[in-house]
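**Student:** Got a structure here, written out as structure tokens. Questions coming.
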Amino acid sequence: MKLTKKLETEILKVYNTYWNCYLKGDVKTMATLLVDEYTQVGSAETEVFFNKKDAVKFLHDTIDQVAGKLEMRSRNIKFEQQEHLILVHELCDVYALTGKKWIFYSKFRASTLMQHKTGKWKIIHQHTSFPDTRTGDSENIAIEKIAEENQQLHEAVKRRTVELENKNRELEIETALEKVRVIAMGMKEPADMLKVCKTISLQLAKLGIKEIRNVQTAIFYESRGTYMNYEYYAKHKKTFITETVYTDHKVAKAFAAKMLKGKGEIYITHIKGKKVKEWLAYQKTTNVFIDRFLEKASSLNYYWHSLGPVALGISTYVPLGEDELKLFQRFLNVFELAYTRYLDIELALAQAKEARIELALERVRARAMAMQNSNELAELVSALFKELTQLDFSLTSCIIWMHDHEQATNTLWIASAELNKPAQPFHVKPFHDDFFKSIIHAWKAKDSSWIYTLKGSEKKIFEKAFFKELPNLPGPLRKALNVPKQVVFSASFNNFGALEIVETEALTDEKFEILHRFGKVFDSSYTRFNDLKKAEAQAREAQIELGLERVRARAMAMQKSDELKELIGTVYNELTKLDLSLDRCLIWIMNSEDLSSRLWMANAESQPVNFYIPHHDNPPYLAFVKAWKDRNRRWFYDLHGQVKKEWDAYVFSQTEMKHLPGPVKKNMQATDRVMLAGSFHNFGCLQTAGPEPLKEEQFDILNRFAKVFDLTYTRFNDLKQAEAQTREAQIELGLERVRARAMAMQNSDELKELIGTVFTE
């Protein structure tokens with residue numbers, strides 16, 4: 001390689017770029033012009049570096065002293081080739097900007113060694129210095145001037161060192177504050193306040209504060225006498241969120257009172273000696289984290305700064321000095337930024353939750369208004385359960401509790417996660433004095449946050465009575481009440497009764513407020529529920545009356561007693577229309593003289609039939625006779641097992657029932673169990689037979705149909721009497737004709753005509 005003008009121009013371009021970037025403060029570009037093995041000997045005493053990293057760091061830390069403040073003038077540059085390296089010599093004048101004027105600062109000499117590497121010219125070594133202006137033309141060294149200036153230099157170095165140390169300290173503090181600021185701005189949920197506390201603690205430790213116990217915040221809720229505590233324990237390296245009561249200890253009270261006075265208030269307390277253990281003993285009675293390091297600590301020191309409804313505090317095992325306190329105070333402004341962010345997040349979460357609640361309420365409201373019949377209350381309760389669960393309620397079950405004060409009864413519509421079916425109603429009468437007294441009192445007072453806790457022996461007594469009162473309560477609901485050691489009923493009472501949920505812990509005030517709002521929604525739609533029930537009752541009554549009228553009309557239209565078969569068919573059809581689950585329907589006509597019976601039976605498998613059953617000692621028949629004698633309006637008989645087999649064997653072999661159609665007889669015998677229900681009156685009984693016992697309302701309907709037949713029974717008897725009289729008249733007329741023909745005979749040959757007359761009659 002030969003040093004040419006072209007090569008000098010190429011090297012000079014790189015060289016000038018380096019110094020131009022230096023004067024502008026562009027350290028990043030300067031670093032790209034240095035090799036990794038770069039070394040430097042500068043004009044300052046400490047400006048000696050043996051690698052690029054240290055040299056660039058020095059430039060980065062000091063470049064603000066140069067950028068825009070120095071100029072290089074009268075530059076004299078020479079090139080010298082050293083084998084494969086090029087040495088660039090420069091001597092120039094350095095001017096410094098003071099105020100608005102440029103003044104001469106010093107002569108400046110730089111020797112720069114450059115190497116062609118990876119296709120580019122880069123700097124591998126540099127030596128810079130300011131020539132000694134104290135020596136004259138004939139002097140090699142100026143001893144006296146050196147001694148004089150040495151003292152000045154020593155003092156200047158001291159001042160400079162202090163300035164640099166202060167500046168570095170300030171940079172360290174600003175860096176620490178910036179780290180806290182970044183965490184604060186990055187908060188996404190209230191719990192991120194823990195990250196802020198942790199970062200403050202770690203940065204204070206890096207800045208030299210020792211024996212930090214914890215850094216914490218206190219967000220006050222005066223109405224509850226508590227503050228939400230976000231804290232980081234330095235030695236334990238643990239974070240906690242705790243709602244802490246401040247009204248039960250004089251230190252806590254004094255702290256809260258001071259902080260709540262407003263922004264700028266400071267609270268400092270020092271707990272020393274034995275009082276540290278006393279304070280630790282008090283803390284063990286609360287829900288705060290127990291710091292075991294306090295067992296050996298000689299002091300505990302709290303420093304709190306108020307920002308109004310929130311405070312930032314630090315506690316230490318040794319008291320803080322004045323400088324350390326000032327340092328902690330500088331973090332207060334950054335924390336205020338975090339608290340502002342916290343409030344924004346809390347507000348956003350509150351708005352989002354309110355929107356969720358309103359949406360859930362609207363779904364329940366819409367479901368309530370969409371009810372077409374009262375049975376849809378089951379779906380409404382299930383909808384309530386679903387919406388409350390989605391609002392983070394941990395429910396065992398959800399109950400609509402309707403209280404009927406006049407009848408002293410309660411209807412419970414229960415939904416549970418354990419049941420894979422809609423809510424169902426259960427009717428309950430008061431059975432546990434304390435529990436129901438509390439419920440009635442809460443209903444009268446319209447208590448919006450009623451709580452009743454069952455545990456221990458009271459819980460066992462309650463369960464026994466409750467399970468006895470509700471024998472059909474599903475297993476999962478029994479288990480949900482029976483398994484936990486403690487069950488808590490929480491309810492909001494309104495006009496209709498209560499919206500109640502069952503958990504193992506009491507609801508918070510916030511959740512009680514939500515529950516009350518759901519109760520109000522149901523309360524406002526309860527009128528619709530009652531209207532539906534009333535309309536359904538009216539429609540049901542009209543349907544029953546129509547059925548009764550059809551039976552009554554058919555009874556009044558009978559022309560002969562055999563038409564009773566058609567009447568029982570009509571009864572069967574009308575009862576079926578009224579949702580009675582029947583296999584067959586029968587009218588029993590009792591003979592009061594010998595207690596025998598004639599039955600008219602209708603079913604879906606054949607035409608109505610009638611048959612005679614004599615009095616016998618079979619248990620079902622004896623029970624039937626007794627019920628007739630007692631005129632039992634609500635007779636029930638469970639025909640099953642051996643008794644049914646014996647009954648079937650008798651009636652299908654010894655009575656006219658053996659003539660029943662084969663399919664009917666087969667089905668009756670094949671059924672293992674038959675639930676018989678009857679309403680007995682003067683005539684006998686109107687009876688149903690089916691797979692399930694009749695409900696109370698169905699018994700009422702059966703009784704009303706039986707009364708209709710009882711009123712028309714006179715007509716049936718009149719028809720039978722008229723038929724008997726007509727039959728007797730027909731017989732007498734026939735006898736008279738035979739008698740007249742016999743008396744009219746003139747000879748024996750006419751006997752064959754008499755026989756013909758007898759046959760005809």
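Chain labels A, B, ... are given in the sequence in which chains occur in the structure tokens; within each chain residues are numbered consecutively from 1, and ligands are likewise numbered from 1 in the order shown.
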Near A:Tyr233, counting only C-alpha atoms, which residues have an atom at most 9 Å away, once you skip same-chain residues fewer than 5 positions from it, shown as a PyMOL selection string?
**Tutor:** chain A and resi 198+201+212-216+238-240+291
**Student:** Could those selected residues go to a file with N, CA, C and O atoms, as an mmCIF file, in the first residue's frame?
**Tutor:**
data_model
loop_
_atom_site.group_PDB
_atom_site.id
_atom_site.type_symbol
_atom_site.label_atom_id
_atom_site.label_comp_id
_atom_site.auth_asym_id
_atom_site.auth_seq_id
_atom_site.Cartn_x
_atom_site.Cartn_y
_atom_site.Cartn_z
ATOM 1 N N LYS A 198 -42.547 -2.408 44.742
ATOM 2 C CA LYS A 198 -41.339 -3.226 44.649
ATOM 3 C C LYS A 198 -40.216 -2.467 43.956
ATOM 4 O O LYS A 198 -39.058 -2.483 44.413
ATOM 5 N N SER A 201 -38.695 0.155 46.215
ATOM 6 C CA SER A 201 -37.835 -0.474 47.224
ATOM 7 C C SER A 201 -36.493 -0.881 46.632
ATOM 8 O O SER A 201 -35.433 -0.607 47.209
ATOM 9 N N ILE A 212 -34.086 -1.621 54.572
ATOM 10 C CA ILE A 212 -35.485 -1.352 54.207
ATOM 11 C C ILE A 212 -36.329 -2.556 54.606
ATOM 12 O O ILE A 212 -36.002 -3.694 54.285
ATOM 13 N N ARG A 213 -37.399 -2.305 55.329
ATOM 14 C CA ARG A 213 -38.333 -3.381 55.699
ATOM 15 C C ARG A 213 -39.377 -3.566 54.607
ATOM 16 O O ARG A 213 -39.537 -4.646 54.059
ATOM 17 N N ASN A 214 -40.117 -2.479 54.308
ATOM 18 C CA ASN A 214 -41.089 -2.564 53.221
ATOM 19 C C ASN A 214 -41.394 -1.175 52.668
ATOM 20 O O ASN A 214 -41.111 -0.159 53.296
ATOM 21 N N VAL A 215 -41.925 -1.170 51.458
ATOM 22 C CA VAL A 215 -42.488 0.037 50.841
ATOM 23 C C VAL A 215 -43.946 -0.280 50.590
ATOM 24 O O VAL A 215 -44.279 -1.347 50.055
ATOM 25 N N GLN A 216 -44.847 0.637 50.968
ATOM 26 C CA GLN A 216 -46.269 0.329 50.879
ATOM 27 C C GLN A 216 -47.091 1.584 50.564
ATOM 28 O O GLN A 216 -46.621 2.714 50.721
ATOM 29 N N LYS A 238 -41.540 -10.502 49.052
ATOM 30 C CA LYS A 238 -42.944 -10.885 48.879
ATOM 31 C C LYS A 238 -43.813 -9.639 48.767
ATOM 32 O O LYS A 238 -43.489 -8.604 49.351
ATOM 33 N N THR A 239 -44.910 -9.776 48.025
ATOM 34 C CA THR A 239 -45.878 -8.683 47.891
ATOM 35 C C THR A 239 -47.219 -9.128 48.451
ATOM 36 O O THR A 239 -47.568 -10.321 48.412
ATOM 37 N N PHE A 240 -47.995 -8.161 48.968
ATOM 38 C CA PHE A 240 -49.296 -8.464 49.566
ATOM 39 C C PHE A 240 -50.278 -7.334 49.287
ATOM 40 O O PHE A 240 -49.892 -6.169 49.226
ATOM 41 N N ASP A 291 -44.040 -10.104 59.908
ATOM 42 C CA ASP A 291 -42.614 -9.990 59.581
ATOM 43 C C ASP A 291 -41.789 -10.572 60.731
ATOM 44 O O ASP A 291 -41.645 -9.960 61.785
#
**Student:** Would you list, as an MDAnalysis selection string, the residues of stretch 18-129 of chain A that end up in strand (DSSP E or B) under DSSP run on this structure's backbone?
**Tutor:** chainID A and resid 34:41 48:49 70:82 85:98 101:117 120:129
**Student:** Interatomic distance between atom CA of A:Lys117 and atom CA of A:Glu10?
**Tutor:** 13.6 Å
**Student:** Within 10 Å of stretch 584-597 of chain A, counting only C-alpha atoms, which residues show up once you throw out same-chain ones fewer than 4 positions away? Write them as a PyMOL selection string, please.
**Tutor:** chain A and resi 564-565+567-569+571-573+575-576+601-605+608-616+621-622+624-625+628-629+668+676-678+680-690+706+709+713
**Student:** Residues as selected, C-alpha atoms, written as a compact mmCIF listing (two decimals), in the first residue's frame, can you do that?
**Tutor:**
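Listed below is the output, again-v9.txt:
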# COMPACT_ATOMS: atom_id res chain seq x y z
CA LEU A 564 -124.00 -43.96 31.56
CA LYS A 565 -121.28 -45.61 29.43
CA LEU A 567 -121.19 -40.27 30.28
CA ILE A 568 -118.08 -41.94 31.76
CA GLY A 569 -116.44 -41.59 28.34
CA VAL A 571 -115.75 -37.61 32.01
CA TYR A 572 -112.59 -39.45 30.94
CA ASN A 573 -112.06 -37.15 27.95
CA LEU A 575 -110.31 -35.01 32.80
CA THR A 576 -107.61 -35.89 30.27
CA MET A 601 -115.17 -47.67 32.95
CA ALA A 602 -113.57 -45.63 30.17
CA ASN A 603 -109.98 -45.70 28.88
CA ALA A 604 -108.03 -44.88 25.74
CA GLU A 605 -107.90 -48.47 24.53
CA PRO A 608 -116.60 -47.64 27.71
CA VAL A 609 -117.87 -50.78 29.44
CA ASN A 610 -119.75 -51.66 32.62
CA PHE A 611 -119.52 -54.68 34.91
CA TYR A 612 -120.81 -55.91 38.24
CA ILE A 613 -118.64 -56.67 41.29
CA PRO A 614 -120.19 -58.39 44.29
CA HIS A 615 -119.14 -57.54 47.82
CA HIS A 616 -116.05 -59.53 48.85
CA TYR A 621 -112.64 -53.46 47.98
CA LEU A 622 -113.02 -53.21 51.75
CA PHE A 624 -113.40 -48.77 48.90
CA VAL A 625 -116.54 -49.61 50.89
CA TRP A 628 -117.95 -44.69 50.57
CA LYS A 629 -119.47 -45.00 54.02
CA MET A 668 -104.17 -53.74 33.64
CA LEU A 676 -106.11 -45.02 42.70
CA ALA A 677 -107.80 -41.73 43.58
CA GLY A 678 -111.49 -41.22 44.29
CA PHE A 680 -116.98 -40.46 47.22
CA HIS A 681 -120.53 -39.14 47.25
CA ASN A 682 -124.03 -40.54 47.74
CA PHE A 683 -124.08 -42.46 44.47
CA GLY A 684 -120.72 -44.10 45.00
CA CYS A 685 -117.46 -42.82 43.62
CA LEU A 686 -115.79 -41.11 40.69
CA GLN A 687 -112.39 -42.77 40.51
CA THR A 688 -109.18 -42.44 38.49
CA ALA A 689 -106.33 -44.89 38.06
CA GLY A 690 -102.89 -43.86 36.84
CA ALA A 706 -118.00 -36.10 41.14
CA PHE A 709 -122.58 -36.51 38.70
CA TYR A 713 -127.70 -39.11 39.92
**Student:** Using Å and a single decimal, report how far atom CA of A:Thr726 sits from atom CA of A:Ala557.
**Tutor:**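 Taking atom CA of A:Ala557 as the start and atom CA of A:Thr726 as the end point, the length is 19.1 Å.
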**Student:** Tell me which protein, DNA and RNA residues are within 7 Å of stretch 476-493 of chain A, counting only C-alpha atoms, leaving out same-chain ones fewer than 4 positions away, and put them as a list in words.
**Tutor:** Thr396, Glu418, Leu419, Ala442, Trp443, Lys446, Asp447, Ser448, Ser449, Trp450, Ile451, Tyr452, Thr453, Leu454, Lys455, Gly497, Ala498, Leu499, Glu500, Ile501, Val502, Glu503, Thr504, Glu505, Ala506, Leu507, Leu515, His516 and Gly519 of chain A
**Student:** Of the residues A:Arg363, A:Lys296, A:Lys429, A:Arg633, which is the one nearest to A:Glu379, using only C-alpha atoms?
**Tutor:**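 Using only C-alpha atoms, the shortest distance to A:Glu379 belongs to A:Arg363.
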**Student:** Please extract the residues of stretch 25-234 of chain A with a backbone DSSP assignment of alpha helix (DSSP H) and present them as an mmCIF file with C-alpha atoms, in the first residue's frame.
**Tutor:**
data_model
loop_
_atom_site.group_PDB
_atom_site.id
_atom_site.type_symbol
_atom_site.label_atom_id
_atom_site.label_comp_id
_atom_site.auth_asym_id
_atom_site.auth_seq_id
_atom_site.Cartn_x
_atom_site.Cartn_y
_atom_site.Cartn_z
ATOM 1 C CA VAL A 27 -21.258 9.468 20.066
ATOM 2 C CA LYS A 28 -23.190 6.749 18.265
ATOM 3 C CA THR A 29 -21.593 7.560 14.875
ATOM 4 C CA MET A 30 -18.156 8.013 16.475
ATOM 5 C CA ALA A 31 -18.381 4.500 17.898
ATOM 6 C CA THR A 32 -18.840 3.035 14.393
ATOM 7 C CA LYS A 52 -13.575 0.568 22.706
ATOM 8 C CA LYS A 53 -16.285 -0.057 25.351
ATOM 9 C CA ASP A 54 -14.578 2.054 28.050
ATOM 10 C CA ALA A 55 -13.683 4.808 25.599
ATOM 11 C CA VAL A 56 -17.265 5.055 24.279
ATOM 12 C CA LYS A 57 -18.670 5.082 27.830
ATOM 13 C CA PHE A 58 -16.355 7.997 28.713
ATOM 14 C CA LEU A 59 -17.483 9.841 25.585
ATOM 15 C CA HIS A 60 -21.152 9.179 26.413
ATOM 16 C CA ASP A 61 -20.739 10.463 29.985
ATOM 17 C CA THR A 62 -18.793 13.637 29.079
ATOM 18 C CA ILE A 143 9.218 24.208 37.429
ATOM 19 C CA GLU A 144 8.070 27.351 39.222
ATOM 20 C CA LYS A 145 4.967 27.721 37.109
ATOM 21 C CA ILE A 146 4.217 24.032 37.599
ATOM 22 C CA ALA A 147 4.383 24.347 41.371
ATOM 23 C CA GLU A 148 2.132 27.375 41.331
ATOM 24 C CA GLU A 149 -0.370 25.858 38.949
ATOM 25 C CA ASN A 150 -0.231 22.483 40.621
ATOM 26 C CA GLN A 151 -1.978 23.899 43.665
ATOM 27 C CA GLN A 152 -4.565 25.567 41.464
ATOM 28 C CA LEU A 153 -5.014 22.328 39.548
ATOM 29 C CA HIS A 154 -5.392 20.322 42.739
ATOM 30 C CA GLU A 155 -8.183 22.597 43.924
ATOM 31 C CA ALA A 156 -9.808 22.555 40.514
ATOM 32 C CA VAL A 157 -9.665 18.759 40.428
ATOM 33 C CA LYS A 158 -11.319 18.639 43.803
ATOM 34 C CA ARG A 159 -14.101 20.921 42.646
ATOM 35 C CA ARG A 160 -14.441 18.975 39.423
ATOM 36 C CA THR A 161 -14.530 15.660 41.251
ATOM 37 C CA VAL A 162 -17.279 16.873 43.556
ATOM 38 C CA GLU A 163 -19.201 18.219 40.559
ATOM 39 C CA LEU A 164 -18.869 14.911 38.737
ATOM 40 C CA GLU A 165 -19.833 12.903 41.800
ATOM 41 C CA ASN A 166 -22.899 15.079 42.345
ATOM 42 C CA LYS A 167 -23.778 14.826 38.694
ATOM 43 C CA ASN A 168 -23.352 11.055 38.664
ATOM 44 C CA ARG A 169 -25.459 10.772 41.809
ATOM 45 C CA GLU A 170 -28.133 12.900 40.207
ATOM 46 C CA LEU A 171 -28.023 10.701 37.118
ATOM 47 C CA GLU A 172 -28.386 7.596 39.276
ATOM 48 C CA ILE A 173 -31.394 9.110 41.083
ATOM 49 C CA GLU A 174 -33.013 10.235 37.832
ATOM 50 C CA THR A 175 -32.460 6.773 36.369
ATOM 51 C CA ALA A 176 -34.119 5.192 39.416
ATOM 52 C CA LEU A 177 -37.054 7.611 39.220
ATOM 53 C CA GLU A 178 -37.421 6.893 35.520
ATOM 54 C CA LYS A 179 -37.625 3.154 36.193
ATOM 55 C CA VAL A 180 -40.450 3.742 38.674
ATOM 56 C CA ARG A 181 -42.102 6.106 36.194
ATOM 57 C CA VAL A 182 -42.004 3.434 33.462
ATOM 58 C CA ILE A 183 -43.635 0.877 35.787
ATOM 59 C CA ALA A 184 -46.283 3.416 36.801
ATOM 60 C CA MET A 185 -47.189 4.242 33.197
ATOM 61 C CA MET A 193 -49.444 -1.056 42.302
ATOM 62 C CA LEU A 194 -47.408 -3.872 43.883
ATOM 63 C CA LYS A 195 -44.859 -3.535 41.056
ATOM 64 C CA VAL A 196 -44.547 0.164 41.820
ATOM 65 C CA CYS A 197 -43.860 -0.533 45.512
ATOM 66 C CA LYS A 198 -41.339 -3.226 44.649
ATOM 67 C CA THR A 199 -39.510 -1.035 42.135
ATOM 68 C CA ILE A 200 -39.291 1.877 44.595
ATOM 69 C CA SER A 201 -37.835 -0.474 47.224
ATOM 70 C CA LEU A 202 -35.260 -1.973 44.847
ATOM 71 C CA GLN A 203 -34.175 1.419 43.512
ATOM 72 C CA LEU A 204 -33.810 2.904 47.004
ATOM 73 C CA ALA A 205 -31.628 -0.052 47.951
ATOM 74 C CA LYS A 206 -29.444 0.552 44.859
#
**Student:** May I have the residues within 9 Å of A:Asn76 as a ChimeraX atom specification, using only C-alpha atoms and disregarding those fewer than 3 positions away in the same chain?
**Tutor:** /A:89-92
**Student:** Here is a test: counting only C-alpha atoms, which residue of A:Ser306, A:Asn530, A:Ser416, A:Gln669 is nearest to A:His640?
**Tutor:**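 The answer is A:Gln669, which sits nearest to A:His640.
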**Student:** Do a neighbour search on A:Met1 at 9 Å with only C-alpha atoms, toss out local chain neighbours closer than 2 positions, and write the hits as number ranges by chain.
**Tutor:** A: 3, 83-84
**Student:** Could you write out the selected residues, including C-alpha atoms, as an mmCIF file, in the first residue's frame?
**Tutor:**
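The result, stored in selection-v3.cif:
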data_model
loop_
_atom_site.group_PDB
_atom_site.id
_atom_site.type_symbol
_atom_site.label_atom_id
_atom_site.label_comp_id
_atom_site.auth_asym_id
_atom_site.auth_seq_id
_atom_site.Cartn_x
_atom_site.Cartn_y
_atom_site.Cartn_z
ATOM 1 C CA LEU A 3 0.158 6.694 0.478
ATOM 2 C CA GLU A 83 3.793 -0.002 7.173
ATOM 3 C CA HIS A 84 0.095 -0.914 6.694
#
**Student:** I'd like the contact shell of A:Leu548 - 7 Å cut-off, only C-alpha atoms, skipping same-chain residues fewer than 4 positions apart - returned as a list in words.
**Tutor:**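 The filter keeps Ile544, Arg552 and Phe705 of chain A.
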**Student:** Between A:Ala355, A:Ala257, A:Val288, A:Leu380, which is the closest to A:Ala311 once you count only C-alpha atoms?
**Tutor:** A:Ala257
